[in-house]
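Engineer: CSV, C-alpha atoms, file run-v6.csv:
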chain,number,residue,atom,x,y,z
C,1,MET,CA,156.0,243.5,18.1
C,2,LYS,CA,157.3,242.2,21.5
C,3,ASN,CA,155.4,245.0,23.3
C,4,LYS,CA,152.1,244.2,21.6
C,5,THR,CA,149.6,241.9,23.2
C,6,VAL,CA,149.7,238.4,21.7
C,7,LYS,CA,147.2,235.6,22.1
C,8,LEU,CA,148.1,232.3,23.7
C,9,PHE,CA,145.8,229.3,23.2
C,10,SER,CA,146.6,226.2,25.1
C,11,ASP,CA,144.9,222.8,25.4
C,12,GLY,CA,145.5,219.5,27.0
C,13,ALA,CA,144.2,216.2,25.6
C,14,CYS,CA,143.8,212.8,27.2
C,15,ARG,CA,142.8,209.5,25.7
C,16,GLY,CA,140.8,208.3,28.7
C,17,ASN,CA,140.9,210.1,32.0
C,18,PRO,CA,143.5,209.3,33.2
C,19,GLY,CA,145.1,208.2,30.0
C,20,GLN,CA,147.8,209.1,27.5
C,21,GLY,CA,148.2,212.9,27.5
C,22,GLY,CA,149.4,215.6,25.2
C,23,ALA,CA,149.8,219.3,25.5
C,24,GLY,CA,149.5,221.9,22.7
C,25,ALA,CA,149.9,225.7,22.7
C,26,VAL,CA,149.8,228.3,19.9
C,27,ILE,CA,150.7,232.0,20.1
C,28,THR,CA,149.1,234.3,17.5
C,29,ASP,CA,149.2,238.0,16.8
C,30,GLU,CA,145.9,240.1,16.9
C,31,ALA,CA,145.3,239.1,13.2
C,32,ASP,CA,145.5,235.4,14.2
C,33,ASN,CA,148.8,234.9,12.3
C,34,ILE,CA,150.7,232.0,14.1
C,35,LEU,CA,153.9,233.3,15.7
C,36,TRP,CA,154.8,230.1,17.7
C,37,GLU,CA,153.5,226.6,18.2
C,38,GLY,CA,154.5,223.9,20.7
C,39,LYS,CA,153.4,220.4,21.6
C,40,ALA,CA,154.5,217.8,24.1
C,41,TYR,CA,153.7,214.2,24.9
C,42,LEU,CA,152.9,213.9,28.6
C,43,GLY,CA,152.6,210.2,29.2
C,44,HIS,CA,149.9,208.9,31.6
C,45,CYS,CA,148.1,211.8,33.3
C,46,THR,CA,144.6,213.2,34.0
C,47,ASN,CA,142.9,215.7,31.7
C,48,ASN,CA,143.3,218.5,34.3
C,49,ILE,CA,147.1,217.9,34.5
C,50,ALA,CA,147.3,217.9,30.7
C,51,GLU,CA,145.5,221.3,30.7
C,52,TYR,CA,147.9,222.8,33.2
C,53,LYS,CA,151.0,221.4,31.4
C,54,ALA,CA,149.7,222.8,28.1
C,55,LEU,CA,149.4,226.3,29.7
C,56,ILE,CA,152.9,226.0,31.2
C,57,LEU,CA,154.3,224.9,27.7
C,58,GLY,CA,152.6,228.0,26.2
C,59,LEU,CA,153.8,230.4,28.9
C,60,LYS,CA,157.4,229.1,28.5
C,61,GLY,CA,157.1,229.5,24.7
C,62,ALA,CA,155.9,233.1,25.1
C,63,LEU,CA,158.8,233.9,27.4
C,64,ALA,CA,161.3,232.3,25.1
C,65,GLN,CA,159.9,234.4,22.2
C,66,GLY,CA,160.2,237.6,24.3
C,67,PHE,CA,156.5,238.4,24.5
C,68,ASN,CA,155.5,240.3,27.7
C,69,GLN,CA,151.8,240.9,27.2
C,70,LEU,CA,149.4,238.0,26.8
C,71,ASP,CA,145.7,237.3,26.4
C,72,VAL,CA,145.4,233.6,27.4
C,73,TYR,CA,142.5,231.6,26.0
C,74,LEU,CA,141.7,228.3,27.7
C,75,ASP,CA,138.8,225.9,26.9
C,76,SER,CA,139.2,224.4,30.4
C,77,GLU,CA,136.7,226.4,32.6
C,78,LEU,CA,138.2,224.8,35.7
C,79,LEU,CA,141.7,226.0,34.9
C,80,ALA,CA,140.6,229.5,33.9
C,81,ASN,CA,138.6,229.9,37.1
C,82,GLN,CA,141.4,228.5,39.2
C,83,ILE,CA,143.9,231.0,37.7
C,84,ASN,CA,141.4,233.9,38.1
C,85,GLY,CA,140.8,232.9,41.7
C,86,SER,CA,137.1,232.0,41.6
C,87,TYR,CA,137.8,228.3,42.2
C,88,LYS,CA,140.3,226.9,44.8
C,89,VAL,CA,142.9,224.4,43.8
C,90,LYS,CA,142.3,221.4,46.0
C,91,ASN,CA,144.2,218.6,44.2
C,92,GLU,CA,147.8,218.3,45.5
C,93,ASN,CA,149.2,217.6,42.0
C,94,LEU,CA,147.5,220.6,40.6
C,95,LYS,CA,148.7,222.8,43.5
C,96,VAL,CA,152.3,222.2,42.4
C,97,LEU,CA,151.4,223.0,38.8
C,98,MET,CA,149.6,226.1,39.8
C,99,GLN,CA,152.7,227.3,41.7
C,100,GLU,CA,154.6,227.0,38.4
C,101,VAL,CA,151.8,228.7,36.5
C,102,ARG,CA,151.8,231.6,38.9
C,103,SER,CA,155.5,231.9,38.8
C,104,LEU,CA,155.5,232.1,35.0
C,105,LEU,CA,152.6,234.5,34.9
C,106,ALA,CA,154.6,236.9,37.2
C,107,SER,CA,157.2,237.1,34.5
C,108,PHE,CA,154.8,239.0,32.2
C,109,GLU,CA,153.9,242.7,32.2
C,110,ALA,CA,150.2,242.0,31.6
C,111,VAL,CA,148.2,238.8,31.3
C,112,ARG,CA,144.4,238.3,30.9
C,113,VAL,CA,143.0,234.8,31.2
C,114,LYS,CA,139.7,234.0,29.4
C,115,HIS,CA,137.6,230.9,29.1
C,116,VAL,CA,136.6,230.1,25.5
C,117,LEU,CA,134.5,227.4,23.9
C,118,ARG,CA,136.4,224.4,22.6
C,119,CYS,CA,135.6,225.4,19.0
C,120,HIS,CA,137.7,228.5,19.4
C,121,ASN,CA,140.7,226.5,20.5
C,122,ALA,CA,141.0,224.1,17.6
C,123,GLN,CA,144.7,224.6,16.7
C,124,ALA,CA,146.0,224.0,20.3
C,125,ASP,CA,143.7,221.0,20.5
C,126,LYS,CA,145.1,219.6,17.2
C,127,LEU,CA,148.7,220.0,18.5
C,128,ALA,CA,147.8,218.2,21.8
C,129,ASN,CA,146.3,215.3,19.9
C,130,LEU,CA,149.2,215.3,17.5
C,131,ALA,CA,151.7,214.9,20.3
C,132,ILE,CA,149.9,211.8,21.5
C,133,ASP,CA,149.6,210.4,17.9
C,134,GLU,CA,153.3,211.0,17.1
C,135,HIS,CA,154.3,209.2,20.3
C,136,LYS,CA,152.3,206.1,19.4
C,137,GLY,CA,153.9,206.0,15.9
Just give me the structure as C-alpha coordinates.

Structural biologist:
Amino acid sequence: MKNKTVKLFSDGACRGNPGQGGAGAVITDEADNILWEGKAYLGHCTNNIAEYKALILGLKGALAQGFNQLDVYLDSELLANQINGSYKVKNENLKVLMQEVRSLLASFEAVRVKHVLRCHNAQADKLANLAIDEHKG
(Lines of atoms letter the chains of each structure in order from A and count residues from 1; the text may use other names and numbers.)
(Lines give C-alpha, C1' and ligand atoms only; values in the text may rest on other atoms or scores of the structure.)
Protein backbone atom coordinates (compact mmCIF):
# COMPACT_ATOMS: atom_id res chain seq x y z
CA MET A 1 0.00 0.00 0.00
CA LYS A 2 2.71 2.47 0.95
CA ASN A 3 4.35 2.16 -2.47
CA LYS A 4 1.11 2.75 -4.36
CA THR A 5 0.19 6.25 -5.45
CA VAL A 6 -2.37 7.88 -3.19
CA LYS A 7 -4.45 10.98 -3.84
CA LEU A 8 -4.08 14.09 -1.69
CA PHE A 9 -6.82 16.71 -1.82
CA SER A 10 -6.20 19.94 0.07
CA ASP A 11 -8.18 23.13 0.42
CA GLY A 12 -7.97 26.35 2.36
CA ALA A 13 -11.02 28.37 3.38
CA CYS A 14 -11.36 31.96 4.50
CA ARG A 15 -14.39 33.84 5.81
CA GLY A 16 -13.52 37.12 4.15
CA ASN A 17 -10.16 37.70 2.48
CA PRO A 18 -8.32 38.19 4.72
CA GLY A 19 -10.45 36.58 7.40
CA GLN A 20 -10.76 33.57 9.67
CA GLY A 21 -8.99 30.71 7.94
CA GLY A 22 -9.12 26.94 7.99
CA ALA A 23 -7.19 24.18 6.25
CA GLY A 24 -8.42 20.74 5.24
CA ALA A 25 -6.69 17.78 3.62
CA VAL A 26 -7.80 14.27 2.66
CA ILE A 27 -5.76 11.31 1.44
CA THR A 28 -7.56 8.58 -0.49
CA ASP A 29 -6.56 5.44 -2.32
CA GLU A 30 -7.26 5.00 -6.02
CA ALA A 31 -10.79 3.76 -5.24
CA ASP A 32 -11.47 6.98 -3.25
CA ASN A 33 -11.47 5.25 0.14
CA ILE A 34 -10.37 7.76 2.78
CA LEU A 35 -7.03 6.78 4.34
CA TRP A 36 -6.35 9.97 6.33
CA GLU A 37 -7.99 13.32 7.06
CA GLY A 38 -6.70 16.44 8.72
CA LYS A 39 -7.98 19.91 9.50
CA ALA A 40 -6.58 22.98 11.23
CA TYR A 41 -7.82 26.37 12.31
CA LEU A 42 -5.45 29.02 10.94
CA GLY A 43 -6.64 32.22 12.57
CA HIS A 44 -6.62 35.45 10.56
CA CYS A 45 -5.04 34.94 7.13
CA THR A 46 -5.57 35.38 3.39
CA ASN A 47 -7.15 32.79 1.15
CA ASN A 48 -3.81 32.08 -0.56
CA ILE A 49 -2.08 31.48 2.78
CA ALA A 50 -4.92 29.11 3.75
CA GLU A 51 -4.42 27.17 0.48
CA TYR A 52 -0.68 26.82 1.13
CA LYS A 53 -1.16 25.78 4.76
CA ALA A 54 -3.76 23.19 3.73
CA LEU A 55 -1.29 21.67 1.27
CA ILE A 56 1.46 21.64 3.94
CA LEU A 57 -0.98 19.94 6.36
CA GLY A 58 -1.72 17.27 3.75
CA LEU A 59 1.92 16.72 2.79
CA LYS A 60 2.87 16.29 6.46
CA GLY A 61 -0.05 13.88 6.87
CA ALA A 62 1.12 11.83 3.89
CA LEU A 63 4.67 11.67 5.26
CA ALA A 64 3.41 10.67 8.72
CA GLN A 65 1.38 7.86 7.12
CA GLY A 66 4.45 6.65 5.20
CA PHE A 67 3.12 7.37 1.71
CA ASN A 68 5.81 8.18 -0.85
CA GLN A 69 3.91 8.63 -4.13
CA LEU A 70 1.26 11.31 -4.39
CA ASP A 71 -1.14 12.76 -6.88
CA VAL A 72 -2.00 16.16 -5.38
CA TYR A 73 -5.31 17.78 -6.33
CA LEU A 74 -5.79 21.50 -5.64
CA ASP A 75 -8.71 23.74 -6.52
CA SER A 76 -6.41 26.77 -6.22
CA GLU A 77 -5.20 27.38 -9.77
CA LEU A 78 -2.68 29.91 -8.40
CA LEU A 79 -1.08 27.39 -6.02
CA ALA A 80 -1.04 24.59 -8.61
CA ASN A 81 0.64 26.87 -11.16
CA GLN A 82 3.14 28.21 -8.62
CA ILE A 83 4.18 24.67 -7.64
CA ASN A 84 4.45 23.61 -11.27
CA GLY A 85 6.56 26.68 -11.99
CA SER A 86 4.34 28.42 -14.53
CA TYR A 87 3.61 31.30 -12.09
CA LYS A 88 6.22 33.08 -9.98
CA VAL A 89 5.69 33.49 -6.24
CA LYS A 90 5.89 37.24 -5.62
CA ASN A 91 4.32 37.63 -2.18
CA GLU A 92 6.93 37.42 0.62
CA ASN A 93 4.65 35.45 2.97
CA LEU A 94 3.93 32.93 0.21
CA LYS A 95 7.64 32.62 -0.65
CA VAL A 96 8.31 31.33 2.87
CA LEU A 97 5.42 28.86 2.61
CA MET A 98 6.58 27.75 -0.86
CA GLN A 99 10.02 26.92 0.59
CA GLU A 100 8.29 24.65 3.11
CA VAL A 101 6.13 23.08 0.35
CA ARG A 102 9.21 22.42 -1.83
CA SER A 103 11.09 20.92 1.11
CA LEU A 104 8.16 18.57 1.87
CA LEU A 105 7.69 17.65 -1.81
CA ALA A 106 11.37 16.65 -1.96
CA SER A 107 10.64 13.96 0.67
CA PHE A 108 8.45 11.97 -1.75
CA GLU A 109 9.55 9.58 -4.49
CA ALA A 110 6.99 10.91 -6.94
CA VAL A 111 4.51 13.79 -6.84
CA ARG A 112 2.16 15.09 -9.51
CA VAL A 113 0.23 18.29 -8.84
CA LYS A 114 -3.04 18.91 -10.67
CA HIS A 115 -5.61 21.67 -10.64
CA VAL A 116 -9.19 20.44 -10.23
CA LEU A 117 -12.53 22.18 -10.12
CA ARG A 118 -13.83 23.00 -6.67
CA CYS A 119 -16.62 20.43 -7.00
CA HIS A 120 -13.95 17.69 -7.11
CA ASN A 121 -12.46 18.88 -3.81
CA ALA A 122 -15.57 18.79 -1.62
CA GLN A 123 -14.22 16.73 1.31
CA ALA A 124 -11.13 18.91 1.83
CA ASP A 125 -13.30 22.04 1.54
CA LYS A 126 -15.71 20.62 4.13
CA LEU A 127 -12.84 19.95 6.57
CA ALA A 128 -11.39 23.45 6.10
CA ASN A 129 -14.76 25.02 6.88
CA LEU A 130 -15.30 22.64 9.80
CA ALA A 131 -12.00 23.80 11.33
CA ILE A 132 -13.31 27.40 11.30
CA ASP A 133 -16.76 26.39 12.61
CA GLU A 134 -15.33 24.31 15.46
CA HIS A 135 -13.08 27.18 16.52
CA LYS A 136 -16.03 29.56 16.77
CA GLY A 137 -17.98 27.12 18.95

Engineer: I'd like to know which of C:Leu104, C:Arg15, C:Lys4, C:Gly22 is closest to C:Glu134, using all atoms listed in the file.

Structural biologist: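 The shortest atom-to-atom distance to C:Glu134 comes from C:Gly22.
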
Engineer: Give as an MDAnalysis selection string the set of residues within 8 Å of the point (142.7, 242.4, 19.5), where distances use the file's coordinates and all atoms listed in the file.

Structural biologist: chainID C and resid 5 30:31

Engineer: For the atom pair atom CA of C:His135 and atom CA of C:Gln65, what is the interatomic distance in Å to one decimal place?

Structural biologist: 25.9 Å

Engineer: Could you check the closest approach to C:Gly58 for each of C:Tyr87, C:Tyr41, C:Phe9, C:Tyr73 and tell me which residue wins, using only C-alpha atoms?

Structural biologist: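 Between C:Tyr87, C:Tyr41, C:Phe9, C:Tyr73, the residue approaching C:Gly58 most closely is C:Phe9.
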
Engineer: Counting only C-alpha atoms, which residues sit no farther than 8 Å from the position (145.6, 213.7, 25.0) in the file's frame? I'd like them as a PyMOL selection string.

Structural biologist: chain C and resi 12-15+19-23+47+50+128-129+131-132

Engineer: With only C-alpha atoms as the basis for distance, which of C:Asp71, C:Glu100, C:Glu109, C:Lys88 is at the shortest distance from C:Ile27?

Structural biologist: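 Result for the nearest residue to C:Ile27: C:Asp71.
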
Engineer: Pick out the closest residue to C:Cys45 from this set: C:Lys60, C:His115, C:Leu94, C:Asn84. Count all atoms listed in the file.

Structural biologist: C:Leu94

Engineer: What does the distance between atom CA of C:Val116 and atom CA of C:Leu74 come to in Å, to one decimal place?

Structural biologist: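 Those two atoms sit 5.8 Å apart.
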
Engineer: Atom CA of C:Leu35 and atom CA of C:Ala64 are how many Å apart?

Structural biologist: 12.0 Å

Engineer: Fewer than 6 positions away in the same chain doesn't count, so skip those; otherwise give me all residues within 10 Å of C:Val89, counting all atoms listed in the file, as a count of residues only.

Structural biologist: 9

Engineer: When you count all atoms listed in the file, which of these residues is closest to C:Asp125: C:Ser103, C:Asn17, C:Thr46, C:Ser10?

Structural biologist: C:Ser10

Engineer: Which residue out of C:Ala40, C:Leu63, C:Ser76, C:Gly16 has the minimum interatomic distance to C:Ala106 when all atoms listed in the file are used?

Structural biologist: C:Leu63

Engineer: Hey, what's within 6 Å of C:Leu127 if we count all atoms listed in the file and toss same-chain stuff fewer than 3 positions away? As a ChimeraX atom specification, please?

Structural biologist: /C:24,39,124,130
